[in-house]
Amino acid sequence: MTDPSGTSSLVRRSMAFGVLVTGLVGLLVLGGTDWSGLYAVESVPNEPGGERGETSEGSTTTALEQLGVAGVSDVLRGDPGNREPWEVQYMYGVSLGAAVWVALRLLAHWRIDFRTLALEPRERPLPLFERTRESRIDPGTEPSDDGP
Amino acid sequence: MADLLTHVLVAYVLATVLSWRYDWITPPLVTVAMVGAAVPDLTRVELLVPAGTIEAVLGVPFSWSPIHRVGGTALVVLLAGPLVSAEHRRRVLVLLELGAISHYALDAMIYTGSGLTWPMLWPLTDYRFEVSGFYRSSDRWPALVSGLVALVVWMASRRRSTSERDPPVPERR
């Protein structure tokens with residue numbers, strides 16, 4: 001793993017990536033067959049608004065399972081009848097906001113090194129995400145040109 | 001599952017607090033932990049590319065749900081290995097794992113009707129842990145509480161970095 005970056009490293013990384021992607025796709029296909037209880041929890045009314053046992057097991061989810069839904073208890077599916085529409089909208093909203101936040105942070109902190117075709121942390125984050133200490137300006141000191 | 005914001009905030013707090021102890025956890029690696037916390041929720045790709053569509057195109061059964069199980073999450077996390085340089089690989093994987101584990105821990109505490117968790121260890125086993133959760137995923141307070149904690153941690157981190165780590169830099173590059 002500590003192989004210096006080079007062609008052989010790139011080949012090995014590509015192979016590792018390929019193997020992992022193949023494994024992942026295999027697992028997703030396996031999931032599609034509902035192999036060995038993948039959906040076990042989803043056949044139980046998860047995320048209920050009511051007391052335990054208030055809803056009968058499997059009632060709301062069996063139909064959804066038949067639709068091939070990925071995770072019936074999932075936030076975005078909600079549990080029909082248990083959540084107010086605005087609650088679902090709230091979850092969509094903050095989740096989307098969080099996704100954007102993480103994506104921006106990732107962009108600000110990491111870059112692609114085209115020499116090695118690998119991700120590298122940036123030496124300096126993009127301006128909005130600079131660490132405080134880096135962007136700290138002493139009183140009376142104007143920031144110098146940020147440079148190219 | 002909790003909303004993604006809560007997951008990401010918790011990962012931010014964990015990684016940032018750990019960075020006080022371990023210098024090698026830099027802001028880019030805090031970001032990596034936040035990404036790790038989001039990995040299990042990649043099942044949301046379902047909204048963009050429904051599994052049914054893939055099944056129709058490829059003609060094989062398909063589901064995104066395994067990504068929200070240890071098997072799928074582990075594979076997605078490991079995918080980052082070949083994507084980063086060898087120099088950073090191990091640290092990136094550690095922080096991704098940290099984030100992903102925090103996601104599972106948080107989700108395990110969700111109140112469920114059955115009192116059982118989802119079969120998180122799939123495909124190793126479909127065992128479900130007995131947990132009496134204490135929040136619902138549509139509750140607002142988890143994001144509020146984690147947001148407040150994150151704010152405190154962020155301010156503490158700011159204080160630390162301005163006072164300790166390096167003296168004022170007279171010239172900015």
# chains A, B, ... in the order shown; residues from 1 in each chain; ligands from 1
>>> select_by_dssp(residues="segment 123-160 of chain B", states="helix (DSSP H, G or I)", output="ChimeraX atom specification")
/B:141-160
>>> atom_distance(atom1="atom CA of Gly31 of chain A", atom2="atom CA of Asp126 of chain B")
12.2 Å
>>> closest_residue(among="A:Val11, A:Leu24, A:Val19, A:Val29", to="Ser63 of chain B", atoms="only C-alpha atoms")
A:Val29
>>> closest_residue(among="B:Gly36, B:Pro28, B:Pro142, B:Gly147", to="chain A", atoms="only C-alpha atoms")
B:Pro28
>>> atom_distance(atom1="atom CA of Thr7 of chain A", atom2="atom CA of Leu83 of chain B")
14.5 Å
>>> atom_distance(atom1="atom CA of Val8 of chain B", atom2="atom CA of Ala98 of chain A")
6.9 Å
>>> closest_residue(among="B:Arg158, B:Arg90, B:Arg44, B:Arg140", to="Val94 of chain A", atoms="only C-alpha atoms")
B:Arg140
>>> select_by_dssp(residues="segment 69-157 of chain B", states="strand (DSSP E or B)", output="number ranges by chain")
B: 84, 110, 116, 130, 135
>>> residues_around(residues="Val49 of chain B", least_positions_apart="6", cutoff="12 Å", atoms="only C-alpha atoms", output="PyMOL selection string")
(chain A and resi 69-70) or (chain B and resi 42-43+55-57+62-64)
>>> closest_residue(among="B:Ser132, B:Ser163, B:Thr16, B:Ser85", to="chain A", atoms="only C-alpha atoms")
B:Ser85
>>> residues_around(residues="Leu96 of chain B", least_positions_apart="4", cutoff="7 Å", atoms="only C-alpha atoms", output="NGL selection string")
:B and (32-33 or 35-36 or 77 or 92 or 100)
